[in-house]
>>> print(open('model_28.txt').read())   # compact mmCIF, C-alpha atoms
# COMPACT_ATOMS: atom_id res chain seq x y z
CA MET A 13 -5.59 -121.35 -77.31
CA THR A 14 -2.74 -122.17 -74.92
CA THR A 15 0.64 -120.45 -75.07
CA ALA A 16 2.28 -123.55 -76.59
CA ASP A 17 -0.43 -123.65 -79.26
CA ILE A 18 0.11 -120.02 -80.10
CA HIS A 19 3.85 -120.44 -80.25
CA ALA A 20 3.49 -123.33 -82.70
CA LEU A 21 1.67 -120.92 -84.99
CA THR A 22 4.84 -118.98 -85.92
CA GLY A 23 5.36 -121.12 -89.03
CA ALA A 24 1.75 -120.92 -90.24
CA TYR A 25 1.74 -117.17 -89.55
CA ALA A 26 4.97 -116.54 -91.44
CA LEU A 27 3.41 -118.35 -94.41
CA ASP A 28 0.10 -116.42 -94.16
CA ALA A 29 -1.57 -119.78 -93.56
CA VAL A 30 -3.80 -118.52 -90.75
CA SER A 31 -7.35 -117.14 -90.77
CA GLY A 32 -8.03 -113.45 -90.18
CA THR A 33 -8.99 -113.89 -86.53
CA GLU A 34 -6.02 -116.13 -85.80
CA ARG A 35 -3.77 -113.58 -87.42
CA MET A 36 -5.02 -110.85 -85.11
CA GLU A 37 -4.80 -113.07 -82.06
CA PHE A 38 -1.29 -114.07 -82.98
CA GLU A 39 -0.21 -110.48 -83.63
CA ARG A 40 -1.40 -109.57 -80.16
CA HIS A 41 0.74 -112.40 -78.83
CA LEU A 42 3.73 -111.23 -80.90
CA ALA A 43 3.62 -107.86 -79.20
CA GLU A 44 4.50 -109.50 -75.89
CA CYS A 45 6.67 -112.39 -77.04
CA GLU A 46 10.07 -111.21 -78.26
CA SER A 47 11.30 -114.72 -79.05
CA CYS A 48 8.22 -115.33 -81.22
CA ALA A 49 8.75 -112.03 -83.03
CA GLN A 50 12.37 -112.92 -83.71
CA GLU A 51 11.36 -116.36 -84.97
CA VAL A 52 8.71 -114.86 -87.24
CA ARG A 53 11.28 -112.45 -88.70
CA GLU A 54 13.61 -115.34 -89.50
CA LEU A 55 10.89 -117.57 -90.89
CA ARG A 56 9.68 -114.72 -93.09
CA GLU A 57 13.19 -114.23 -94.45
CA THR A 58 13.15 -117.96 -95.16
CA ALA A 59 9.76 -117.81 -96.89
CA ALA A 60 11.07 -114.93 -99.03
CA GLN A 61 13.76 -117.31 -100.30
CA LEU A 62 10.95 -119.55 -101.51
CA ALA A 63 9.63 -116.61 -103.49
CA ILE A 64 13.05 -115.99 -105.02
CA ALA A 65 13.16 -119.64 -106.02
CA ALA A 66 9.85 -119.17 -107.84
CA ALA A 67 11.02 -116.10 -109.79
CA ALA A 68 9.54 -115.81 -113.27
CA THR A 69 9.67 -113.23 -116.03
CA PRO A 70 6.60 -110.98 -116.11
CA PRO A 71 5.09 -109.57 -119.32
CA PRO A 72 7.30 -106.62 -120.29
CA GLU A 73 4.36 -104.21 -120.72
CA LEU A 74 3.57 -104.54 -117.00
CA ARG A 75 6.54 -102.30 -116.20
CA ASN A 76 5.12 -99.31 -118.06
CA ARG A 77 1.67 -99.85 -116.58
CA VAL A 78 3.15 -99.75 -113.08
CA LEU A 79 5.41 -96.77 -113.76
CA ASP A 80 2.46 -94.88 -115.26
CA GLN A 81 0.29 -95.67 -112.29
CA ILE A 82 2.72 -94.56 -109.60
CA ARG A 83 2.70 -91.06 -111.07
CA THR A 84 -0.89 -90.81 -109.92
CA VAL A 85 -0.38 -92.28 -106.43
CA ARG A 86 0.53 -90.16 -103.45
CA GLN A 87 3.08 -91.69 -101.09
CA LEU A 88 2.49 -92.28 -97.38
CA PRO A 89 4.48 -90.26 -94.86
CA PRO A 90 7.21 -92.01 -92.82
CA GLU A 91 6.43 -93.37 -89.38
CA THR A 92 7.72 -90.80 -86.97
CA SER A 93 7.98 -92.90 -83.86
CA VAL A 94 8.37 -96.54 -83.04
CA VAL A 95 7.30 -97.78 -79.64
CA PRO A 96 9.42 -100.60 -78.21
CA LEU A 97 6.37 -102.80 -77.64
CA ARG A 98 8.35 -105.74 -76.47
CA ARG A 99 10.13 -104.06 -73.57
CA ARG A 100 7.06 -104.03 -71.48
CA SER A 101 4.58 -106.66 -70.54
CA PHE A 102 1.34 -106.22 -72.35
CA GLY A 103 -0.67 -107.11 -69.25
CA GLN A 104 0.93 -104.38 -67.14
CA ARG A 105 -0.17 -101.75 -69.58
CA LEU A 106 -3.63 -102.93 -70.44
CA THR A 107 -5.64 -102.54 -67.31
CA GLY A 108 -9.20 -101.51 -66.66
CA VAL A 109 -10.60 -99.17 -69.22
CA ALA A 110 -7.63 -99.60 -71.52
CA ALA A 111 -8.41 -103.30 -71.84
CA ALA A 112 -12.01 -102.44 -72.67
CA VAL A 113 -10.81 -100.00 -75.30
CA PHE A 114 -8.52 -102.63 -76.71
CA LEU A 115 -11.45 -105.01 -77.13
CA VAL A 116 -13.32 -102.27 -78.95
CA VAL A 117 -10.36 -101.82 -81.27
CA ALA A 118 -10.00 -105.54 -81.88
CA GLY A 119 -13.73 -105.94 -82.42
CA GLY A 120 -13.84 -103.00 -84.78
CA LEU A 121 -10.90 -104.31 -86.73
CA GLY A 122 -12.52 -107.72 -86.93
CA VAL A 123 -15.44 -106.17 -88.76
CA VAL A 124 -13.12 -104.30 -91.08
CA VAL A 125 -11.07 -107.40 -91.79
CA VAL A 126 -14.07 -109.44 -92.76
CA ARG A 127 -15.46 -106.74 -94.98
CA GLN A 128 -12.32 -105.60 -96.70
CA ASN A 129 -9.97 -108.45 -97.10
CA GLN A 130 -7.94 -106.50 -99.64
CA LYS A 131 -7.15 -103.80 -97.15
CA LEU A 132 -5.50 -106.03 -94.56
CA ASP A 133 -2.21 -104.24 -94.76
CA ASP A 134 -3.83 -100.89 -94.12
CA VAL A 135 -5.70 -102.43 -91.23
CA ASN A 136 -2.49 -103.84 -89.82
CA ALA A 137 -0.86 -100.46 -90.05
CA GLN A 138 -3.87 -98.94 -88.32
CA ALA A 139 -3.79 -101.62 -85.61
CA SER A 140 -0.13 -101.04 -84.89
CA GLN A 141 -0.71 -97.31 -84.74
CA MET A 142 -3.51 -97.92 -82.24
CA LEU A 143 -1.31 -100.20 -80.19
CA GLN A 144 1.37 -97.53 -80.08
CA VAL A 145 -1.04 -95.11 -78.50
CA LEU A 146 -2.52 -97.61 -76.05
CA LEU A 147 0.90 -98.79 -74.93
CA ALA A 148 2.46 -95.36 -74.57
CA ASP A 149 3.73 -94.53 -71.07
CA ASP A 150 1.51 -91.48 -70.88
CA ALA A 151 -1.60 -93.07 -72.41
CA GLN A 152 -4.86 -91.97 -70.78
CA ILE A 153 -8.42 -92.94 -71.47
CA LEU A 154 -11.40 -90.59 -71.33
CA THR A 155 -14.85 -92.10 -71.29
CA MET A 156 -17.79 -89.97 -72.46
CA LYS A 157 -21.47 -90.89 -72.45
CA ASN A 158 -23.51 -90.04 -75.50
CA PRO A 159 -26.91 -88.67 -74.34
CA SER A 160 -28.69 -90.39 -77.24
CA GLY A 161 -26.99 -93.74 -76.57
CA GLY A 162 -23.63 -95.40 -76.34
CA THR A 163 -20.24 -94.61 -74.88
CA MET A 164 -17.21 -93.14 -76.47
CA ASN A 165 -13.66 -93.86 -75.34
CA VAL A 166 -10.82 -91.54 -76.21
CA ALA A 167 -7.28 -92.84 -75.77
CA VAL A 168 -4.75 -90.01 -75.68
CA SER A 169 -0.97 -89.99 -75.76
CA ARG A 170 0.72 -86.61 -75.74
CA SER A 171 4.14 -88.16 -76.33
CA HIS A 172 2.87 -89.76 -79.55
CA ASP A 173 0.66 -86.83 -80.44
CA GLN A 174 -2.07 -89.36 -81.08
CA MET A 175 -5.64 -89.65 -79.97
CA LEU A 176 -8.00 -92.50 -80.78
CA VAL A 177 -11.72 -91.93 -80.69
CA LEU A 178 -13.38 -95.31 -80.26
CA SER A 179 -16.78 -96.79 -79.69
CA ASP A 180 -18.62 -100.01 -80.37
CA ASP A 181 -22.12 -98.94 -79.36
CA LEU A 182 -22.54 -95.34 -80.43
CA ALA A 183 -26.09 -94.36 -81.50
CA SER A 184 -26.33 -93.11 -85.09
CA PRO A 185 -26.75 -89.35 -85.59
CA PRO A 186 -30.12 -88.09 -86.91
CA ASN A 187 -30.68 -88.59 -90.65
CA GLY A 188 -28.52 -86.37 -92.82
CA LYS A 189 -26.32 -85.43 -89.86
CA THR A 190 -22.86 -86.50 -88.87
CA TYR A 191 -20.77 -86.48 -85.72
CA GLN A 192 -17.77 -84.18 -85.77
CA ALA A 193 -14.89 -84.32 -83.32
CA TRP A 194 -13.12 -81.13 -82.26
CA THR A 195 -10.07 -80.22 -80.27
CA LEU A 196 -10.28 -76.96 -78.33
CA ASP A 197 -7.39 -74.82 -77.14
CA ALA A 198 -7.33 -72.88 -73.87
CA ALA A 199 -9.07 -69.91 -75.52
CA GLY A 200 -11.92 -72.20 -76.61
CA THR A 201 -11.05 -72.11 -80.33
CA ALA A 202 -12.25 -75.33 -81.94
CA ARG A 203 -10.36 -77.20 -84.60
CA SER A 204 -12.00 -80.01 -86.52
CA ALA A 205 -10.55 -83.45 -85.82
CA GLY A 206 -12.72 -85.21 -88.36
CA VAL A 207 -16.30 -86.26 -89.05
CA PHE A 208 -17.61 -89.75 -88.46
CA VAL A 209 -20.76 -91.82 -88.58
CA PRO A 210 -20.76 -95.07 -86.59
CA SER A 211 -21.12 -98.24 -88.59
CA ASN A 212 -23.14 -100.68 -86.48
CA GLY A 213 -22.12 -98.56 -83.52
CA THR A 214 -18.42 -98.89 -84.31
CA VAL A 215 -16.21 -95.84 -84.50
CA SER A 216 -12.45 -95.63 -84.76
CA LEU A 217 -10.96 -92.28 -85.60
CA ALA A 218 -7.30 -91.37 -85.20
CA VAL A 219 -6.45 -87.75 -84.44
CA SER A 220 -3.03 -86.17 -84.38
CA ASP A 221 -1.60 -82.66 -84.24
CA PHE A 222 -3.42 -81.46 -81.13
CA SER A 223 -0.52 -80.26 -78.98
CA ASP A 224 -2.25 -76.92 -78.19
CA ALA A 225 -5.56 -78.51 -77.31
CA SER A 226 -6.88 -78.86 -73.78
CA LYS A 227 -10.31 -80.31 -74.53
CA VAL A 228 -11.92 -82.71 -76.94
CA ALA A 229 -15.58 -82.42 -77.92
CA VAL A 230 -18.07 -84.04 -80.27
CA THR A 231 -20.96 -82.18 -81.91
CA VAL A 232 -23.73 -83.19 -84.31
CA GLU A 233 -23.29 -81.35 -87.60
CA PRO A 234 -24.96 -81.27 -91.02
CA GLY A 235 -23.71 -84.03 -93.34
CA GLY A 236 -20.17 -83.38 -94.50
CA GLY A 237 -19.29 -81.50 -91.33
CA SER A 238 -18.83 -77.81 -90.51
CA LYS A 239 -15.90 -75.38 -90.40
CA ALA A 240 -16.71 -74.53 -86.79
CA PRO A 241 -19.16 -76.18 -84.36
CA THR A 242 -22.77 -75.12 -85.05
CA THR A 243 -24.34 -76.97 -82.11
CA LYS A 244 -23.57 -77.55 -78.44
CA PRO A 245 -21.28 -80.56 -77.87
CA VAL A 246 -23.07 -83.83 -77.09
CA MET A 247 -19.88 -85.12 -75.48
CA SER A 248 -16.73 -83.43 -74.23
CA GLY A 249 -13.80 -84.06 -71.94
CA ASP A 250 -10.54 -82.55 -70.69
CA LEU A 251 -7.38 -83.81 -72.29
CA PRO A 252 -4.50 -84.76 -70.00
CA THR A 253 -2.02 -81.91 -69.65
CA ALA A 254 1.25 -82.16 -71.54
CA MET B 18 30.64 -127.68 -80.14
CA GLU B 19 33.59 -126.43 -82.14
CA GLU B 20 32.05 -127.87 -85.27
CA ARG B 21 28.71 -126.13 -84.65
CA VAL B 22 30.37 -122.77 -84.39
CA VAL B 23 32.21 -123.37 -87.64
CA MET B 24 29.04 -124.46 -89.39
CA GLY B 25 27.19 -121.42 -88.11
CA GLU B 26 29.97 -119.24 -89.41
CA ARG B 27 29.85 -120.93 -92.79
CA ALA B 28 26.10 -120.45 -92.96
CA ARG B 29 26.52 -116.79 -92.15
CA ARG B 30 29.14 -116.36 -94.85
CA LEU B 31 26.97 -118.15 -97.36
CA ARG B 32 24.15 -115.88 -96.50
CA ALA B 33 26.37 -112.84 -96.73
CA ALA B 34 27.46 -113.90 -100.19
CA ARG B 35 23.93 -114.62 -101.24
CA SER B 36 21.61 -111.89 -100.09
CA GLU B 37 23.36 -108.87 -98.73
CA PRO B 38 24.20 -107.08 -101.95
CA VAL B 39 20.60 -107.39 -103.09
CA ASN B 40 19.29 -106.32 -99.71
CA GLU B 41 21.57 -103.35 -99.42
CA VAL B 42 20.64 -102.22 -102.90
CA GLY B 43 16.97 -102.82 -102.07
CA ALA B 44 17.12 -100.84 -98.82
CA GLU B 45 18.95 -97.97 -100.48
CA LEU B 46 16.53 -97.90 -103.40
CA LEU B 47 13.55 -97.93 -101.04
CA GLN B 48 14.98 -94.93 -99.26
CA ARG B 49 15.21 -93.02 -102.52
CA VAL B 50 11.76 -94.23 -103.59
CA ALA B 51 10.37 -92.90 -100.30
CA ARG B 52 11.53 -89.44 -101.41
CA GLY B 53 9.56 -89.77 -104.63
CA ASP B 54 12.46 -90.80 -106.89
CA GLU B 55 10.76 -92.43 -109.89
CA ALA B 56 14.02 -93.59 -111.49
CA ALA B 57 14.92 -95.41 -108.28
CA PHE B 58 11.49 -97.00 -108.35
CA GLY B 59 12.20 -98.28 -111.86
CA GLN B 60 15.34 -99.98 -110.53
CA LEU B 61 13.47 -101.36 -107.54
CA TYR B 62 10.86 -102.75 -109.91
CA ASP B 63 13.53 -104.53 -111.93
CA LEU B 64 15.09 -105.94 -108.77
CA LEU B 65 11.88 -107.30 -107.26
CA VAL B 66 9.42 -108.01 -110.03
CA GLY B 67 10.78 -111.46 -110.94
CA PRO B 68 10.23 -113.02 -107.50
CA VAL B 69 7.01 -111.03 -106.95
CA PHE B 70 5.56 -112.15 -110.26
CA GLY B 71 6.69 -115.77 -109.86
CA LEU B 72 5.25 -115.99 -106.36
CA VAL B 73 1.97 -114.28 -107.16
CA ARG B 74 1.45 -116.47 -110.21
CA ARG B 75 2.06 -119.62 -108.24
CA VAL B 76 -0.56 -118.60 -105.70
CA VAL B 77 -3.13 -116.88 -107.91
CA ARG B 78 -2.63 -118.97 -111.09
CA ASP B 79 -4.92 -116.98 -113.35
CA PRO B 80 -2.56 -114.88 -115.54
CA ALA B 81 -4.78 -111.79 -115.76
CA GLN B 82 -5.48 -111.74 -112.03
CA SER B 83 -1.83 -112.40 -111.27
CA GLU B 84 -0.81 -109.36 -113.25
CA GLU B 85 -3.37 -107.25 -111.42
CA VAL B 86 -2.03 -108.39 -108.06
CA VAL B 87 1.60 -107.80 -109.11
CA GLN B 88 0.67 -104.29 -110.23
CA GLU B 89 -1.11 -103.69 -106.91
CA VAL B 90 1.92 -104.93 -104.98
CA MET B 91 4.43 -102.81 -106.91
CA VAL B 92 2.28 -99.69 -106.53
CA GLU B 93 1.92 -100.42 -102.82
CA LEU B 94 5.73 -100.57 -102.52
CA TRP B 95 5.84 -97.10 -104.04
CA ARG B 96 3.07 -95.85 -101.77
CA SER B 97 4.46 -97.17 -98.51
CA ALA B 98 8.22 -97.06 -99.15
CA ALA B 99 8.64 -94.60 -96.26
CA LYS B 100 7.21 -97.19 -93.85
CA TYR B 101 10.02 -99.62 -94.54
CA SER B 102 12.60 -99.90 -91.79
CA PRO B 103 15.67 -102.10 -92.25
CA GLU B 104 15.60 -103.24 -88.59
CA ARG B 105 12.45 -105.22 -89.25
CA GLY B 106 13.97 -107.26 -92.06
CA SER B 107 15.41 -107.05 -95.54
CA ALA B 108 13.80 -105.10 -98.37
CA MET B 109 13.32 -108.34 -100.29
CA THR B 110 11.48 -109.95 -97.37
CA TRP B 111 9.35 -106.87 -96.87
CA ALA B 112 8.31 -106.93 -100.51
CA MET B 113 7.71 -110.70 -100.59
CA THR B 114 5.67 -110.59 -97.39
CA LEU B 115 3.46 -107.93 -98.95
CA ALA B 116 3.22 -109.82 -102.24
CA HIS B 117 2.29 -113.09 -100.56
CA ARG B 118 -0.29 -111.41 -98.35
CA ARG B 119 -1.92 -109.72 -101.34
CA ALA B 120 -1.91 -112.93 -103.35
CA VAL B 121 -3.60 -114.96 -100.62
CA ASP B 122 -6.09 -112.19 -99.97
CA ARG B 123 -7.02 -112.40 -103.62
CA VAL B 124 -7.49 -116.15 -103.75
CA ARG B 125 -9.27 -116.44 -100.44
CA SER B 126 -12.21 -114.37 -101.47
CA ALA B 127 -14.73 -117.02 -102.48
CA GLN B 128 -15.39 -115.80 -105.99
CA ALA B 129 -11.75 -115.58 -106.88
CA ALA B 130 -11.25 -119.11 -105.58
CA ALA B 131 -13.99 -120.40 -107.85
CA ASP B 132 -12.52 -118.57 -110.84
CA ARG B 133 -9.11 -119.94 -110.08
CA ASP B 134 -10.26 -123.55 -109.82
CA ASP B 135 -12.06 -123.05 -113.09
CA VAL B 136 -8.99 -122.00 -115.01
CA ILE B 137 -6.41 -124.28 -113.42
CA GLY B 138 -4.97 -126.56 -116.04
CA ARG B 139 -6.67 -124.77 -118.92
CA ARG B 140 -5.01 -121.47 -119.60
CA ASP B 141 -1.90 -122.71 -117.91
CA ALA B 142 -1.78 -126.07 -119.57
CA GLY B 143 1.59 -126.83 -121.03
CA ARG B 144 3.11 -123.60 -119.81
CA PRO B 145 6.26 -124.13 -117.79
CA PHE B 146 6.20 -122.35 -114.47
CA ASP B 147 9.87 -121.82 -114.10
CA GLU B 148 10.61 -119.28 -116.76
CA VAL B 149 13.32 -118.09 -114.49
CA SER B 150 14.85 -114.69 -114.54
CA GLU B 151 18.24 -114.63 -116.17
CA GLN B 152 20.09 -113.17 -113.26
CA VAL B 153 22.84 -115.54 -112.21
CA THR B 154 22.45 -114.78 -108.54
CA THR B 155 18.80 -115.73 -108.74
CA ARG B 156 19.59 -119.01 -110.39
CA LEU B 157 22.13 -119.88 -107.71
CA GLU B 158 19.63 -119.03 -105.02
CA GLN B 159 16.99 -121.12 -106.72
CA GLU B 160 19.34 -124.09 -106.80
CA GLN B 161 20.09 -123.67 -103.14
CA VAL B 162 16.44 -123.40 -102.15
CA ARG B 163 15.60 -126.51 -104.16
CA ARG B 164 18.44 -128.39 -102.58
CA CYS B 165 17.40 -127.29 -99.09
CA LEU B 166 13.75 -128.21 -99.73
CA GLN B 167 14.98 -131.75 -100.29
CA THR B 168 16.31 -131.86 -96.72
CA LEU B 169 12.74 -131.56 -95.35
CA THR B 170 10.59 -134.59 -94.62
CA ASP B 171 7.91 -135.24 -97.24
CA LEU B 172 5.17 -134.01 -94.92
CA GLN B 173 7.13 -130.87 -94.02
CA ARG B 174 7.87 -130.07 -97.64
CA GLU B 175 4.34 -130.71 -98.87
CA SER B 176 2.86 -128.64 -96.05
CA VAL B 177 5.20 -125.70 -96.63
CA GLN B 178 4.65 -125.75 -100.39
CA LEU B 179 0.85 -126.03 -100.14
CA ALA B 180 0.77 -123.17 -97.65
CA TYR B 181 3.22 -120.86 -99.40
CA TYR B 182 2.91 -121.57 -103.10
CA GLY B 183 -0.67 -122.82 -102.84
CA GLY B 184 -1.85 -120.00 -100.58
CA ARG B 185 -3.66 -122.53 -98.38
CA THR B 186 -4.45 -122.03 -94.72
CA TYR B 187 -3.03 -124.66 -92.39
CA ARG B 188 -6.58 -125.97 -91.93
CA GLU B 189 -6.83 -126.53 -95.68
CA VAL B 190 -3.39 -128.11 -95.72
CA GLY B 191 -4.52 -130.45 -92.92
CA GLU B 192 -7.55 -131.52 -94.92
CA LEU B 193 -5.61 -131.94 -98.14
CA LEU B 194 -3.01 -134.09 -96.43
CA ASN B 195 -5.46 -135.88 -94.09
CA THR B 196 -3.35 -134.83 -91.15
CA PRO B 197 -4.46 -133.43 -87.77
CA LEU B 198 -4.18 -129.64 -87.43
CA GLY B 199 -1.72 -129.75 -84.55
CA THR B 200 0.62 -131.87 -86.65
CA ILE B 201 0.36 -129.51 -89.61
CA LYS B 202 1.16 -126.47 -87.48
CA THR B 203 4.23 -128.23 -86.13
CA ARG B 204 5.31 -129.44 -89.58
CA LEU B 205 5.03 -125.95 -91.04
CA ARG B 206 7.16 -124.52 -88.26
CA ASP B 207 9.70 -127.37 -88.20
CA GLY B 208 9.91 -127.37 -91.99
CA LEU B 209 10.61 -123.64 -92.14
CA ILE B 210 13.15 -123.90 -89.33
CA ARG B 211 14.98 -126.67 -91.15
CA LEU B 212 14.89 -124.64 -94.34
CA ARG B 213 16.15 -121.58 -92.45
CA ASP B 214 19.07 -123.52 -91.01
CA CYS B 215 19.93 -125.06 -94.38
CA LEU B 216 19.83 -121.66 -96.09
CA GLY B 217 21.68 -119.95 -93.26
CA VAL B 218 19.07 -117.23 -92.84
CA ALA B 219 19.85 -115.48 -89.58
>>> encode(input="model_28.txt", output="structure tokens")
Amino acid sequence: MTTADIHALTGAYALDAVSGTERMEFERHLAECESCAQEVRELRETAAQLAIAAAATPPPELRNRVLDQIRTVRQLPPETSVVPLRRRSFGQRLTGVAAAVFLVVAGGLGVVVVRQNQKLDDVNAQASQMLQVLLADDAQILTMKNPSGGTMNVAVSRSHDQMLVLSDDLASPPNGKTYQAWTLDAAGTARSAGVFVPSNGTVSLAVSDFSDASKVAVTVEPGGGSKAPTTKPVMSGDLPTA
Amino acid sequence: MEERVVMGERARRLRAARSEPVNEVGAELLQRVARGDEAAFGQLYDLLVGPVFGLVRRVVRDPAQSEEVVQEVMVELWRSAAKYSPERGSAMTWAMTLAHRRAVDRVRSAQAAADRDDVIGRRDAGRPFDEVSEQVTTRLEQEQVRRCLQTLTDLQRESVQLAYYGGRTYREVGELLNTPLGTIKTRLRDGLIRLRDCLGVA
């Protein structure tokens, strides 16, 4: 798709009249095109007026159903930082390994989008969180080889306190076992950063709250994970210093 | 030149008169909702449910499924209220963007599409769509949107309505209107831009 083609998509995008892949492609373009982002904001405000014009009275009992349901739903925390994506050219930031990681992310998300259409908003939130890490000034990428197959990329940003553990070709753990990621502080104390099992090789795990950690490691653990590592790490790497 | 400036100013004032009270109230309510204020959520529900329900029903059509989607959308507003930031747009737009996305997600899954086609014109037969909310501001806005829609070319208006109210992709719109895709993309964009300028959305 040429730039002009992509730009013409602002209207279709603001109306959700694009396919899942086009949406992702266009959102990548939005991150580097401030005028497109501004236009999309305005066209969305305009589309919202179309919704207002369609206003109708819902069944009254719906209100109680909703109010009952929210009492059982935990609210998401606020976003603590917002990266000014548009100040910086996307190309400048995404070089070498970072670009490879980005493709992994996009590919992984593609799979998710196809499988779970309903969860698009969550996926979008996840994608923007990933972009924030990858575009951070202090973003660094560690690449670790898995002895039983595949490569794992870890994108780390200290300033965002975010780490993304990503792969698109990771071998599955033995039956009944799971991978578990750990962060280790200078004294070697391990803290669990989450368990994961690749789906078709794809892994994307977001880790935060690791300011004390100096290393990241992955072990194979019994299903469900362990409180502390019970095996030697299959992969490990040094985190960039703060 | 002089005239353009004046017109721009008038559009801005119109817009100020139209949306800002609602948006300010919406943004303030969302802030309280983000802190877990259930009473504020009740007010937010009353503010938004008319447009959300009307929009979702236009797209989804099936009454039972529409209600499910509206419920999903309202609960999602509760869940993610803390993610809302006024710099990215008004509370109303945020909610309508979510509602529209959820509605099209629902109808684009193949099974739902089949169900929908099956019930079109049966359960809905004879039921007027525009049981509008009684709020005066809403009625004024509806009038203005209808008037502005008339300023679009036929192809622009049909494309925008099929995409937004019909939940169609631009490819589907192209097929329905026997028009090349490039033309449809342009018409959607030009149509929305014309609508934006007519409504004075800045």
>>> closest_residue(input="model_28.txt", among="B:Ser176, B:Gly191, B:Arg206, B:Ala112", to="Lys100 in chain B", atoms="all atoms listed in the file")
B:Ala112
>>> atom_distance(input="model_28.txt", atom1="CA of Leu205 in chain B", atom2="CA of Glu192 in chain B")
14.3 Å
>>> residues_near_point(input="model_28.txt", point="(1.4, -92.6, -97.6)", cutoff="6 Å", atoms="all atoms listed in the file", output="list of chain:residue names")
A:Gln87, A:Leu88, A:Pro89, B:Arg96, B:Ser97
>>> atom_distance(input="model_28.txt", atom1="CA of Gly208 in chain B", atom2="CA of Leu55 in chain A")
9.9 Å
>>> atom_distance(input="model_28.txt", atom1="CA of Met113 in chain B", atom2="CA of Val69 in chain B")
6.4 Å
>>> residues_around(input="model_28.txt", residues="Arg75 in chain A", least_positions_apart="3", cutoff="10 Å", atoms="only C-alpha atoms", output="list in words")
Pro70, Pro71, Pro72, Val78, Leu79, Asp80 and Gln81 of chain A; Gly59, Tyr62, Asp63, Val66, Gln88 and Met91 of chain B
>>> write_last_selection(input="model_28.txt", atoms="C-alpha atoms", output="short mmCIF file (atom, residue, chain, number, x, y, z; two decimals), keeping the file's coordinate frame")
data_model
loop_
_atom_site.label_atom_id
_atom_site.label_comp_id
_atom_site.auth_asym_id
_atom_site.auth_seq_id
_atom_site.Cartn_x
_atom_site.Cartn_y
_atom_site.Cartn_z
CA PRO A 70 6.60 -110.98 -116.11
CA PRO A 71 5.09 -109.57 -119.32
CA PRO A 72 7.30 -106.62 -120.29
CA VAL A 78 3.15 -99.75 -113.08
CA LEU A 79 5.41 -96.77 -113.76
CA ASP A 80 2.46 -94.88 -115.26
CA GLN A 81 0.29 -95.67 -112.29
CA GLY B 59 12.20 -98.28 -111.86
CA TYR B 62 10.86 -102.75 -109.91
CA ASP B 63 13.53 -104.53 -111.93
CA VAL B 66 9.42 -108.01 -110.03
CA GLN B 88 0.67 -104.29 -110.23
CA MET B 91 4.43 -102.81 -106.91
#
>>> closest_residue(input="model_28.txt", among="B:Leu46, B:Leu194, B:Ala120, B:Leu166", to="Val86 in chain B", atoms="all atoms listed in the file")
B:Ala120
>>> closest_atom_pairs(input="model_28.txt", of="chain A", to="chain B", cutoff="8 Å", atoms="only C-alpha atoms", output="Markdown table")
| residue | atom | partner | partner_atom | distance |
| --- | --- | --- | --- | --- |
| A:Ala20 | CA | B:Thr203 | CA | 6.0 |
| A:Leu21 | CA | B:Lys202 | CA | 6.1 |
| A:Thr22 | CA | B:Arg206 | CA | 6.4 |
| A:Gly23 | CA | B:Arg206 | CA | 3.9 |
| A:Ala24 | CA | B:Leu205 | CA | 6.1 |
| A:Leu27 | CA | B:Tyr181 | CA | 5.6 |
| A:Asp28 | CA | B:Arg118 | CA | 6.5 |
| A:Ala29 | CA | B:Thr186 | CA | 3.8 |
| A:Val30 | CA | B:Thr186 | CA | 5.3 |
| A:Ser31 | CA | B:Thr186 | CA | 6.9 |
| A:Arg53 | CA | B:Gly106 | CA | 6.7 |
| A:Glu54 | CA | B:Ala219 | CA | 6.2 |
| A:Leu55 | CA | B:Leu209 | CA | 6.2 |
| A:Arg56 | CA | B:Thr110 | CA | 6.7 |
| A:Glu57 | CA | B:Thr110 | CA | 5.5 |
| A:Thr58 | CA | B:Arg213 | CA | 5.4 |
| A:Ala59 | CA | B:Leu209 | CA | 7.6 |
| A:Ala60 | CA | B:Thr110 | CA | 5.3 |
| A:Gln61 | CA | B:Val162 | CA | 6.9 |
| A:Leu62 | CA | B:Val162 | CA | 6.7 |
| A:Ala63 | CA | B:Leu72 | CA | 5.3 |
| A:Ile64 | CA | B:Pro68 | CA | 4.8 |
| A:Ala65 | CA | B:Gln159 | CA | 4.2 |
| A:Ala66 | CA | B:Gly71 | CA | 5.1 |
| A:Ala67 | CA | B:Pro68 | CA | 3.9 |
| A:Ala68 | CA | B:Gly71 | CA | 4.4 |
| A:Thr69 | CA | B:Gly67 | CA | 5.5 |
| A:Pro70 | CA | B:Phe70 | CA | 6.1 |
| A:Leu74 | CA | B:Gln88 | CA | 7.4 |
| A:Arg75 | CA | B:Tyr62 | CA | 7.6 |
| A:Arg77 | CA | B:Gln88 | CA | 7.8 |
| A:Val78 | CA | B:Gln88 | CA | 5.9 |
| A:Leu79 | CA | B:Gly59 | CA | 7.2 |
| A:Gln81 | CA | B:Val92 | CA | 7.3 |
| A:Ile82 | CA | B:Val92 | CA | 6.0 |
| A:Val85 | CA | B:Arg96 | CA | 6.8 |
| A:Arg86 | CA | B:Arg96 | CA | 6.5 |
| A:Gln87 | CA | B:Arg96 | CA | 4.2 |
| A:Leu88 | CA | B:Ser97 | CA | 5.4 |
| A:Pro89 | CA | B:Ala99 | CA | 6.2 |
| A:Pro90 | CA | B:Ala99 | CA | 4.5 |
| A:Glu91 | CA | B:Lys100 | CA | 5.9 |
| A:Asn129 | CA | B:Asp122 | CA | 6.1 |
| A:Gln130 | CA | B:Asp122 | CA | 6.0 |
| A:Asp133 | CA | B:Leu115 | CA | 8.0 |
